[in-house]
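Novice: Got a structure for you, coords.pdb, holding PDB, C-alpha atoms and all ligand atoms.
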ATOM      1  CA  MET A 816     120.940 144.133 -51.864
ATOM      2  CA  ILE A 817     120.308 143.449 -48.180
ATOM      3  CA  GLU A 818     120.581 139.709 -47.529
ATOM      4  CA  TYR A 819     119.245 138.735 -44.135
ATOM      5  CA  PRO A 820     118.525 135.252 -42.739
ATOM      6  CA  ARG A 821     115.241 133.837 -43.978
ATOM      7  CA  ILE A 822     114.628 131.167 -41.356
ATOM      8  CA  MET A 823     112.343 132.610 -38.718
ATOM      9  CA  GLN A 824     111.336 131.566 -35.264
ATOM     10  CA  VAL A 825     107.689 132.235 -34.573
ATOM     11  CA  ARG A 826     107.031 133.566 -31.109
ATOM     12  CA  ALA A 827     103.969 134.934 -29.318
ATOM     13  CA  HIS A 828     104.193 138.638 -28.585
ATOM     14  CA  ASP A 829     102.141 141.257 -26.765
ATOM     15  CA  PHE A 830     102.019 144.165 -29.174
ATOM     16  CA  ARG A 831     102.675 147.513 -27.498
ATOM     17  CA  PRO A 832     102.813 151.087 -28.799
ATOM     18  CA  ARG A 833     106.604 150.964 -28.862
ATOM     19  CA  ASP A 834     106.360 148.288 -31.578
ATOM     20  CA  LEU A 835     105.020 150.942 -33.944
ATOM     21  CA  VAL A 836     107.911 153.321 -34.517
ATOM     22  CA  ALA A 837     108.251 153.210 -38.307
ATOM     23  CA  GLY A 838     106.142 156.275 -39.067
ATOM     24  CA  ASP A 839     103.971 154.331 -41.504
ATOM     25  CA  LEU A 840     101.483 151.508 -41.038
ATOM     26  CA  VAL A 841     102.936 149.468 -43.910
ATOM     27  CA  LEU A 842     106.451 149.574 -42.476
ATOM     28  CA  ASP A 843     105.085 148.765 -39.019
ATOM     29  CA  PHE A 844     103.486 145.663 -40.519
ATOM     30  CA  VAL A 845     106.814 144.559 -42.025
ATOM     31  CA  ASN A 846     108.312 145.156 -38.561
ATOM     32  CA  THR A 847     106.187 142.376 -37.059
ATOM     33  CA  VAL A 848     109.369 140.408 -37.756
ATOM     34  CA  THR A 849     112.151 141.584 -35.483
ATOM     35  CA  ALA A 850     115.904 140.842 -35.501
ATOM     36  CA  ARG A 851     115.853 140.336 -39.262
ATOM     37  CA  ASP A 852     119.586 141.024 -39.339
ATOM     38  CA  THR A 853     120.542 138.162 -37.008
ATOM     39  CA  GLU A 854     117.927 135.605 -35.874
ATOM     40  CA  PRO A 855     114.565 136.741 -37.227
ATOM     41  CA  ILE A 856     111.586 136.345 -34.915
ATOM     42  CA  ASP A 857     108.093 136.443 -36.364
ATOM     43  CA  TRP A 858     105.613 137.882 -33.853
ATOM     44  CA  LEU A 859     102.533 136.796 -35.785
ATOM     45  CA  ASP A 860     102.091 133.371 -34.211
ATOM     46  CA  ALA A 861      98.335 133.217 -34.828
ATOM     47  CA  TYR A 862      95.557 135.056 -36.610
ATOM     48  CA  ALA A 863      94.642 136.597 -33.236
ATOM     49  CA  ALA A 864      98.111 138.192 -33.134
ATOM     50  CA  LEU A 865      97.476 139.733 -36.553
ATOM     51  CA  LEU A 866      94.256 141.203 -35.159
ATOM     52  CA  SER A 867      95.955 142.611 -32.070
ATOM     53  CA  TRP A 868      98.618 144.222 -34.264
ATOM     54  CA  ALA A 869      95.860 145.631 -36.501
ATOM     55  CA  ARG A 870      94.004 147.040 -33.483
ATOM     56  CA  LEU A 871      97.157 148.753 -32.222
ATOM     57  CA  ALA A 872      98.012 150.013 -35.722
ATOM     58  CA  GLY A 873      94.671 151.788 -35.897
ATOM     59  CA  LEU A 874      92.550 149.645 -38.209
ATOM     60  CA  PRO A 875      88.911 150.370 -37.352
ATOM     61  CA  PRO A 876      88.106 148.416 -34.139
ATOM     62  CA  ALA A 877      84.512 147.858 -35.204
ATOM     63  CA  ALA A 878      85.751 146.182 -38.372
ATOM     64  CA  LEU A 879      88.083 143.900 -36.433
ATOM     65  CA  ALA A 880      85.588 142.868 -33.757
ATOM     66  CA  GLY A 881      83.728 140.403 -35.952
ATOM     67  CA  LEU A 882      86.879 138.845 -37.378
ATOM     68  CA  ALA A 883      88.005 137.360 -34.051
ATOM     69  CA  ALA A 884      84.808 135.343 -33.846
ATOM     70  CA  GLU A 885      85.019 134.362 -37.515
ATOM     71  CA  ALA A 886      88.611 133.174 -37.051
ATOM     72  CA  GLN A 887      87.578 131.035 -34.080
ATOM     73  CA  ALA A 888      84.740 129.520 -36.034
ATOM     74  CA  HIS A 889      86.952 128.819 -39.079
ATOM     75  CA  PRO A 890      90.491 128.120 -37.809
ATOM     76  CA  ARG A 891      91.779 126.688 -41.087
ATOM     77  CA  ARG A 892      90.586 129.657 -43.097
ATOM     78  CA  ALA A 893      92.136 131.959 -40.489
ATOM     79  CA  ALA A 894      95.472 130.113 -40.728
ATOM     80  CA  ARG A 895      95.350 130.525 -44.499
ATOM     81  CA  ALA A 896      94.564 134.241 -44.213
ATOM     82  CA  LEU A 897      97.490 134.648 -41.805
ATOM     83  CA  ALA A 898      99.831 132.811 -44.194
ATOM     84  CA  ASP A 899      98.701 135.056 -47.087
ATOM     85  CA  ALA A 900      99.286 138.168 -44.976
ATOM     86  CA  LYS A 901     102.823 136.952 -44.254
ATOM     87  CA  VAL A 902     103.502 136.364 -47.960
ATOM     88  CA  LEU A 903     102.534 140.004 -48.511
ATOM     89  CA  ARG A 904     104.706 141.094 -45.567
ATOM     90  CA  GLU A 905     107.802 139.344 -46.915
ATOM     91  CA  ALA A 906     107.207 140.720 -50.420
ATOM     92  CA  LEU A 907     107.011 144.194 -48.903
ATOM     93  CA  TRP A 908     110.238 143.627 -47.001
ATOM     94  CA  GLU A 909     112.003 142.686 -50.252
ATOM     95  CA  LEU A 910     110.534 145.613 -52.165
ATOM     96  CA  LEU A 911     111.136 148.232 -49.496
ATOM     97  CA  THR A 912     114.710 147.205 -48.723
ATOM     98  CA  ALA A 913     115.508 147.157 -52.450
ATOM     99  CA  LEU A 914     114.006 150.635 -52.853
ATOM    100  CA  SER A 915     115.812 151.933 -49.761
ATOM    101  CA  GLU A 916     119.054 150.930 -51.458
ATOM    102  CA  GLU A 917     117.896 152.267 -54.823
ATOM    103  CA  ASP A 918     117.988 148.721 -56.224
ATOM    104  CA  THR A 919     115.573 147.356 -58.812
ATOM    105  CA  PRO A 920     112.465 145.892 -57.130
ATOM    106  CA  PRO A 921     112.709 142.064 -57.144
ATOM    107  CA  PRO A 922     110.227 140.800 -59.785
ATOM    108  CA  GLY A 923     108.888 137.958 -57.594
ATOM    109  CA  ALA A 924     108.049 140.385 -54.804
ATOM    110  CA  LEU A 925     106.311 142.687 -57.263
ATOM    111  CA  VAL A 926     104.173 139.795 -58.499
ATOM    112  CA  ARG A 927     103.204 138.901 -54.920
ATOM    113  CA  LEU A 928     102.268 142.455 -54.048
ATOM    114  CA  THR A 929     100.269 142.716 -57.276
ATOM    115  CA  GLU A 930      98.324 139.582 -56.317
ATOM    116  CA  SER A 931      97.449 140.930 -52.866
ATOM    117  CA  TRP A 932      96.587 144.326 -54.303
ATOM    118  CA  ARG A 933      94.332 142.822 -56.990
ATOM    119  CA  ALA A 934      92.495 140.758 -54.393
ATOM    120  CA  ALA A 935      92.153 143.903 -52.261
ATOM    121  CA  ALA A 936      90.997 145.960 -55.249
ATOM    122  CA  ALA A 937      88.284 143.376 -55.962
ATOM    123  CA  ALA A 938      86.992 143.959 -52.410
ATOM    124  CA  VAL A 939      87.228 147.744 -52.488
ATOM    125  CA  VAL A 940      84.317 149.994 -51.616
ATOM    126  CA  LEU A 941      84.262 153.756 -52.029
ATOM    127  CA  THR A 942      83.255 155.538 -48.857
ATOM    128  CA  ASP A 943      82.487 159.169 -48.191
ATOM    129  CA  LEU A 944      85.090 160.701 -45.901
ATOM    130  CA  ASP A 945      83.864 164.210 -45.099
ATOM    131  CA  GLY A 946      83.305 165.202 -48.673
ATOM    132  CA  ARG A 947      86.046 163.187 -50.341
ATOM    133  CA  LEU A 948      85.979 159.588 -51.427
ATOM    134  CA  GLU A 949      88.267 156.921 -50.103
ATOM    135  CA  ALA A 950      88.875 153.499 -51.635
ATOM    136  CA  THR A 951      88.923 151.117 -48.721
ATOM    137  CA  VAL A 952      88.106 147.537 -47.798
ATOM    138  CA  THR A 953      85.757 146.184 -45.171
ATOM    139  CA  PRO A 954      85.435 142.820 -43.402
ATOM    140  CA  GLU A 955      82.136 142.369 -45.254
ATOM    141  CA  THR A 956      83.925 142.464 -48.614
ATOM    142  CA  SER A 957      87.323 141.019 -47.613
ATOM    143  CA  GLY A 958      86.392 138.504 -44.901
ATOM    144  CA  LEU A 959      89.393 137.160 -42.976
ATOM    145  CA  ALA A 960      91.722 138.712 -45.585
ATOM    146  CA  TYR A 961      90.705 142.165 -44.322
ATOM    147  CA  PRO A 962      94.043 143.015 -42.588
ATOM    148  CA  GLU A 963      96.037 141.803 -45.611
ATOM    149  CA  HIS A 964      93.859 143.761 -48.043
ATOM    150  CA  TYR A 965      94.023 146.880 -45.881
ATOM    151  CA  VAL A 966      97.842 146.767 -45.807
ATOM    152  CA  ALA A 967      98.042 145.974 -49.551
ATOM    153  CA  LEU A 968      96.044 149.097 -50.459
ATOM    154  CA  ARG A 969      98.140 151.254 -48.164
ATOM    155  CA  ALA A 970     101.356 149.660 -49.471
ATOM    156  CA  VAL A 971     100.625 150.545 -53.091
ATOM    157  CA  ARG A 972      99.791 154.094 -52.033
ATOM    158  CA  LEU A 973     103.135 154.290 -50.180
ATOM    159  CA  LEU A 974     105.149 152.705 -52.988
ATOM    160  CA  GLU A 975     103.675 155.062 -55.562
ATOM    161  CA  ASN A 976     105.519 157.810 -53.705
ATOM    162  CA  LEU A 977     108.848 155.988 -53.374
ATOM    163  CA  PRO A 978     111.815 155.766 -53.665
ATOM    164  CA  SER A 979     112.220 157.956 -50.660
ATOM    165  CA  PRO A 980     115.640 158.986 -49.408
ATOM    166  CA  ARG A 981     113.992 158.910 -45.975
ATOM    167  CA  LEU A 982     113.255 155.164 -46.059
ATOM    168  CA  ARG A 983     115.778 153.371 -43.859
ATOM    169  CA  VAL A 984     116.658 150.033 -42.281
ATOM    170  CA  CYS A 985     117.625 150.417 -38.613
ATOM    171  CA  GLY A 986     121.327 150.033 -37.932
ATOM    172  CA  GLY A 987     120.711 148.371 -34.539
ATOM    173  CA  ILE A 988     121.874 144.833 -33.789
ATOM    174  CA  HIS A 989     118.992 142.290 -33.536
ATOM    175  CA  CYS A 990     116.654 144.757 -35.229
ATOM    176  CA  GLY A 991     116.424 145.275 -38.991
ATOM    177  CA  TRP A 992     113.252 147.345 -38.669
ATOM    178  CA  LEU A 993     112.230 149.688 -41.437
ATOM    179  CA  PHE A 994     111.365 153.292 -40.685
ATOM    180  CA  LEU A 995     110.816 156.649 -42.328
ATOM    181  CA  ASP A 996     113.250 159.267 -41.139
ATOM    182  CA  THR A 997     111.123 162.324 -40.473
ATOM    183  CA  SER A 998     113.836 164.179 -38.551
ATOM    184  CA  LYS A 999     114.753 167.645 -39.736
ATOM    185  CA  ALA A1000     118.358 166.777 -40.488
ATOM    186  CA  GLY A1001     117.444 163.453 -42.127
ATOM    187  CA  ARG A1002     120.252 161.541 -40.444
ATOM    188  CA  ARG A1003     118.321 159.226 -38.153
ATOM    189  CA  ARG A1004     120.000 155.803 -37.989
ATOM    190  CA  TRP A1005     117.881 154.015 -35.416
ATOM    191  CA  CYS A1006     114.275 152.840 -35.470
ATOM    192  CA  ASP A1007     113.985 154.172 -31.922
ATOM    193  CA  MET A1008     116.554 156.208 -30.043
ATOM    194  CA  ALA A1009     115.316 154.730 -26.741
ATOM    195  CA  THR A1010     116.158 151.155 -27.762
ATOM    196  CA  CYS A1011     118.559 150.650 -30.675
ATOM    197  CA  GLY A1012     120.049 154.147 -30.399
ATOM    198  CA  ASN A1013     120.832 153.678 -26.716
ATOM    199  CA  ALA A1014     122.259 150.203 -27.229
ATOM    200  CA  ALA A1015     124.634 151.606 -29.852
ATOM    201  CA  LYS A1016     125.662 154.410 -27.541
ATOM    202  CA  THR A1017     126.299 151.947 -24.701
ATOM    203  CA  ARG A1018     128.390 149.749 -27.007
ATOM    204  CA  ARG A1019     130.420 152.733 -28.153
ATOM    205  CA  HIS A1020     130.899 153.778 -24.564
ATOM    206  CA  ARG A1021     132.021 150.303 -23.536
ATOM    207  CA  SER A1022     134.492 150.031 -26.387
ATOM    208  CA  VAL A1023     136.026 153.296 -25.225
ATOM    209  CA  VAL A1024     136.153 152.221 -21.580
ATOM    210  CA  GLN A1025     137.395 148.677 -22.326
ATOM    211  CA  PRO A1026     139.360 148.843 -25.549
TER     212      PRO A1026
HETATM  213 ZN    ZN B1101     116.154 149.241 -34.386
END
Mind converting the file's structure to structure tokens?

Specialist:
Amino acid sequence: MIEYPRIMQVRAHDFRPRDLVAGDLVLDFVNTVTARDTEPIDWLDAYAALLSWARLAGLPPAALAGLAAEAQAHPRRAARALADAKVLREALWELLTALSEEDTPPPGALVRLTESWRAAAAAVVLTDLDGRLEATVTPETSGLAYPEHYVALRAVRLLENLPSPRLRVCGGIHCGWLFLDTSKAGRRRWCDMATCGNAAKTRRHRSVVQP
């Protein structure tokens, strides 16, 4: 089982496209904590940060627009919704890392995901998507829990199709991001070749030059 530090610093962050490299929205959400392997930093410092991540991750912008105003009007409820979303995120981290190692899913994490999923399921609406139906949530039915519910639904869908031999934890130092290896050979070790992959190459190079 992967044991990483649990104490996290919380730090404001400007989410950018390069923060979404996991190949799946659920994994990208778990990756809002970086450097899990050394000194974890939680980038969700406020409910507004959760909304900017959600916008970048492709949750419907129209759905998110009203939530910013609602969060400002009800800061305590927004703080609670953010805390709940983080409980889900950490449960997903435990579940996904266990599954990536072909370990048994930790029961506590399963219970927490079930709770989020049940709350999401209670808010579900069926919408017509070009001739097929999709079970989804809306801010009208989920309120400030909309991002959490959205991720919970997607997470169960993802986990129903796991374990996947392509689910990995990045081997980079100060990273610990999850990703799906979609490469042809299936031997990708880094979340992003341009960051962690390059750093590893540089380190290897240095250790050759300065033994
Ligand atoms: Zn990485």

Novice: As JSON, numbers by chain, please: the residues near region 902-911 of chain A (cut-off 8 Å, only C-alpha atoms, same-chain neighbours under 3 positions excluded).

Specialist: {"A": [844, 845, 898, 899, 914, 915, 920, 921, 923, 924, 925, 927, 928, 931, 963, 967, 970]}

Novice: Can I get the selection written as an mmCIF file, keeping the file's coordinate frame, with C-alpha atoms?

Specialist:
data_model
loop_
_atom_site.group_PDB
_atom_site.id
_atom_site.type_symbol
_atom_site.label_atom_id
_atom_site.label_comp_id
_atom_site.auth_asym_id
_atom_site.auth_seq_id
_atom_site.Cartn_x
_atom_site.Cartn_y
_atom_site.Cartn_z
ATOM 1 C CA PHE A 844 103.486 145.663 -40.519
ATOM 2 C CA VAL A 845 106.814 144.559 -42.025
ATOM 3 C CA ALA A 898 99.831 132.811 -44.194
ATOM 4 C CA ASP A 899 98.701 135.056 -47.087
ATOM 5 C CA LEU A 914 114.006 150.635 -52.853
ATOM 6 C CA SER A 915 115.812 151.933 -49.761
ATOM 7 C CA PRO A 920 112.465 145.892 -57.130
ATOM 8 C CA PRO A 921 112.709 142.064 -57.144
ATOM 9 C CA GLY A 923 108.888 137.958 -57.594
ATOM 10 C CA ALA A 924 108.049 140.385 -54.804
ATOM 11 C CA LEU A 925 106.311 142.687 -57.263
ATOM 12 C CA ARG A 927 103.204 138.901 -54.920
ATOM 13 C CA LEU A 928 102.268 142.455 -54.048
ATOM 14 C CA SER A 931 97.449 140.930 -52.866
ATOM 15 C CA GLU A 963 96.037 141.803 -45.611
ATOM 16 C CA ALA A 967 98.042 145.974 -49.551
ATOM 17 C CA ALA A 970 101.356 149.660 -49.471
#

Novice: Could you write out as a ChimeraX atom specification the residues that the PyMOL selection byres (((not hetatm)) within 7 of (chain B and resi 1101)) matches in the shown file?

Specialist: /A:985-987,990-992,1005-1007,1010-1011

Novice: On this structure, which residues satisfy the PyMOL selection byres (((chain A and resi 939) around 9) and not hetatm), written as a PDB file with C-alpha atoms, keeping the file's coordinate frame?

Specialist:
ATOM      1  CA  ALA A 934      92.495 140.758 -54.393  1.00  0.00           C
ATOM      2  CA  ALA A 935      92.153 143.903 -52.261  1.00  0.00           C
ATOM      3  CA  ALA A 936      90.997 145.960 -55.249  1.00  0.00           C
ATOM      4  CA  ALA A 937      88.284 143.376 -55.962  1.00  0.00           C
ATOM      5  CA  ALA A 938      86.992 143.959 -52.410  1.00  0.00           C
ATOM      6  CA  VAL A 940      84.317 149.994 -51.616  1.00  0.00           C
ATOM      7  CA  LEU A 941      84.262 153.756 -52.029  1.00  0.00           C
ATOM      8  CA  ALA A 950      88.875 153.499 -51.635  1.00  0.00           C
ATOM      9  CA  THR A 951      88.923 151.117 -48.721  1.00  0.00           C
ATOM     10  CA  VAL A 952      88.106 147.537 -47.798  1.00  0.00           C
ATOM     11  CA  THR A 953      85.757 146.184 -45.171  1.00  0.00           C
ATOM     12  CA  THR A 956      83.925 142.464 -48.614  1.00  0.00           C
ATOM     13  CA  SER A 957      87.323 141.019 -47.613  1.00  0.00           C
ATOM     14  CA  HIS A 964      93.859 143.761 -48.043  1.00  0.00           C
TER      15      HIS A 964
END

Novice: Rounded to one decimal place, report the CA of Ala1009 (chain A)-CA of Leu842 (chain A) distance in Å.

Specialist: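 About the pair CA of Ala1009 (chain A) and CA of Leu842 (chain A): they are 18.8 Å apart.
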
Novice: Convert the output of the PyMOL selection byres (((chain A and resi 865) around 12) and not hetatm) on the shown file into explicit residues, formatted as a ChimeraX atom specification.

Specialist: /A:827-830,844-845,847-848,857-864,866-872,874,879,882-883,886,893-894,896-901,904,959-963,966

Novice: Would you compute the distance between CA of Asp943 (chain A) and CA of Leu973 (chain A)? Give it in Å to one decimal.

Specialist: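 Separating CA of Asp943 (chain A) from CA of Leu973 (chain A) is a distance of 21.3 Å.
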
Novice: Rounded to one decimal, what separation in Å do you get between CA of Glu916 (chain A) and CA of Gln824 (chain A)?

Specialist: 26.4 Å

Novice: Would you mind listing what lies within 12 Å of Arg972 (chain A) as a list in words, with only C-alpha atoms counted and same-chain residues fewer than 3 positions away left out?

Specialist: Asp839, Leu840, Val841, Trp932, Ala950, Thr951, Tyr965, Val966, Ala967, Leu968, Arg969, Glu975, Asn976 and Leu977 of chain A

Novice: Around (114.1, 159.0, -41.7) in the file's frame, which residues reach within 9 Å when counting all atoms listed in the file? Return as a list in words?

Specialist: Ala837, Gly838, Pro980, Arg981, Leu982, Arg983, Phe994, Leu995, Asp996, Thr997, Ser998, Lys999, Ala1000, Gly1001, Arg1002, Arg1003, Arg1004, Trp1005 and Cys1006 of chain A

Novice: Between A:Arg895, A:Arg947, A:His889, A:Arg851, which one has atoms that come closest to Thr912 (chain A), using all atoms listed in the file?

Specialist: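 Of A:Arg895, A:Arg947, A:His889, A:Arg851, the one nearest Thr912 (chain A), counting all atoms listed in the file, is A:Arg851.
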
Novice: Could you check the closest approach to Asp852 (chain A) for each of A:Asp834, A:Leu993, A:Ala878, A:Ala913 and tell me which residue wins, using only C-alpha atoms?

Specialist: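 Looking at the shortest contact to Asp852 (chain A), the residue is A:Leu993.
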
Novice: Can you pull out every residue within 9 Å of Glu854 (chain A), counting all atoms listed in the file, but drop anything in the same chain fewer than 4 positions away, and send it as a compact mmCIF listing (two decimals) with C-alpha atoms, in the coordinates of the input?

Specialist:
# COMPACT_ATOMS: atom_id res chain seq x y z
CA TYR A 819 119.24 138.74 -44.14
CA PRO A 820 118.52 135.25 -42.74
CA ARG A 821 115.24 133.84 -43.98
CA ILE A 822 114.63 131.17 -41.36
CA MET A 823 112.34 132.61 -38.72
CA GLN A 824 111.34 131.57 -35.26
CA THR A 849 112.15 141.58 -35.48
CA ALA A 850 115.90 140.84 -35.50
CA HIS A 989 118.99 142.29 -33.54

Novice: Can you give me N, CA, C and O atoms for region 923-939 of chain A, written as a tab-separated table (two decimals), in the coordinates of the input?

Specialist:
chain	number	residue	atom	x	y	z
A	923	GLY	N	109.77	138.88	-58.32
A	923	GLY	CA	108.89	137.96	-57.59
A	923	GLY	C	108.08	138.69	-56.54
A	923	GLY	O	106.88	138.43	-56.35
A	924	ALA	N	108.73	139.62	-55.86
A	924	ALA	CA	108.05	140.38	-54.80
A	924	ALA	C	106.98	141.29	-55.42
A	924	ALA	O	105.89	141.46	-54.85
A	925	LEU	N	107.30	141.84	-56.58
A	925	LEU	CA	106.31	142.69	-57.26
A	925	LEU	C	105.07	141.89	-57.64
A	925	LEU	O	103.94	142.37	-57.49
A	926	VAL	N	105.30	140.66	-58.12
A	926	VAL	CA	104.17	139.79	-58.50
A	926	VAL	C	103.31	139.52	-57.28
A	926	VAL	O	102.08	139.60	-57.32
A	927	ARG	N	103.97	139.23	-56.14
A	927	ARG	CA	103.20	138.90	-54.92
A	927	ARG	C	102.41	140.10	-54.40
A	927	ARG	O	101.26	139.96	-54.00
A	928	LEU	N	103.01	141.26	-54.47
A	928	LEU	CA	102.27	142.46	-54.05
A	928	LEU	C	101.10	142.70	-55.00
A	928	LEU	O	99.99	143.03	-54.57
A	929	THR	N	101.35	142.51	-56.29
A	929	THR	CA	100.27	142.72	-57.28
A	929	THR	C	99.09	141.80	-56.96
A	929	THR	O	97.93	142.21	-57.02
A	930	GLU	N	99.40	140.54	-56.62
A	930	GLU	CA	98.32	139.58	-56.32
A	930	GLU	C	97.49	140.04	-55.12
A	930	GLU	O	96.27	140.01	-55.15
A	931	SER	N	98.17	140.46	-54.06
A	931	SER	CA	97.45	140.93	-52.87
A	931	SER	C	96.63	142.17	-53.21
A	931	SER	O	95.49	142.32	-52.77
A	932	TRP	N	97.24	143.06	-53.97
A	932	TRP	CA	96.59	144.33	-54.30
A	932	TRP	C	95.36	144.10	-55.18
A	932	TRP	O	94.33	144.73	-54.99
A	933	ARG	N	95.49	143.13	-56.13
A	933	ARG	CA	94.33	142.82	-56.99
A	933	ARG	C	93.18	142.25	-56.17
A	933	ARG	O	92.02	142.60	-56.37
A	934	ALA	N	93.53	141.35	-55.25
A	934	ALA	CA	92.50	140.76	-54.39
A	934	ALA	C	91.84	141.86	-53.56
A	934	ALA	O	90.62	141.89	-53.38
A	935	ALA	N	92.69	142.78	-53.06
A	935	ALA	CA	92.15	143.90	-52.26
A	935	ALA	C	91.27	144.79	-53.14
A	935	ALA	O	90.18	145.21	-52.72
A	936	ALA	N	91.75	145.07	-54.35
A	936	ALA	CA	91.00	145.96	-55.25
A	936	ALA	C	89.62	145.37	-55.58
A	936	ALA	O	88.64	146.10	-55.72
A	937	ALA	N	89.56	144.02	-55.66
A	937	ALA	CA	88.28	143.38	-55.96
A	937	ALA	C	87.31	143.53	-54.79
A	937	ALA	O	86.10	143.36	-54.97
A	938	ALA	N	87.84	143.83	-53.60
A	938	ALA	CA	86.99	143.96	-52.41
A	938	ALA	C	86.76	145.42	-52.03
A	938	ALA	O	86.13	145.70	-51.01
A	939	VAL	N	87.27	146.33	-52.84
A	939	VAL	CA	87.23	147.74	-52.49
A	939	VAL	C	85.81	148.32	-52.53
A	939	VAL	O	84.99	147.95	-53.37
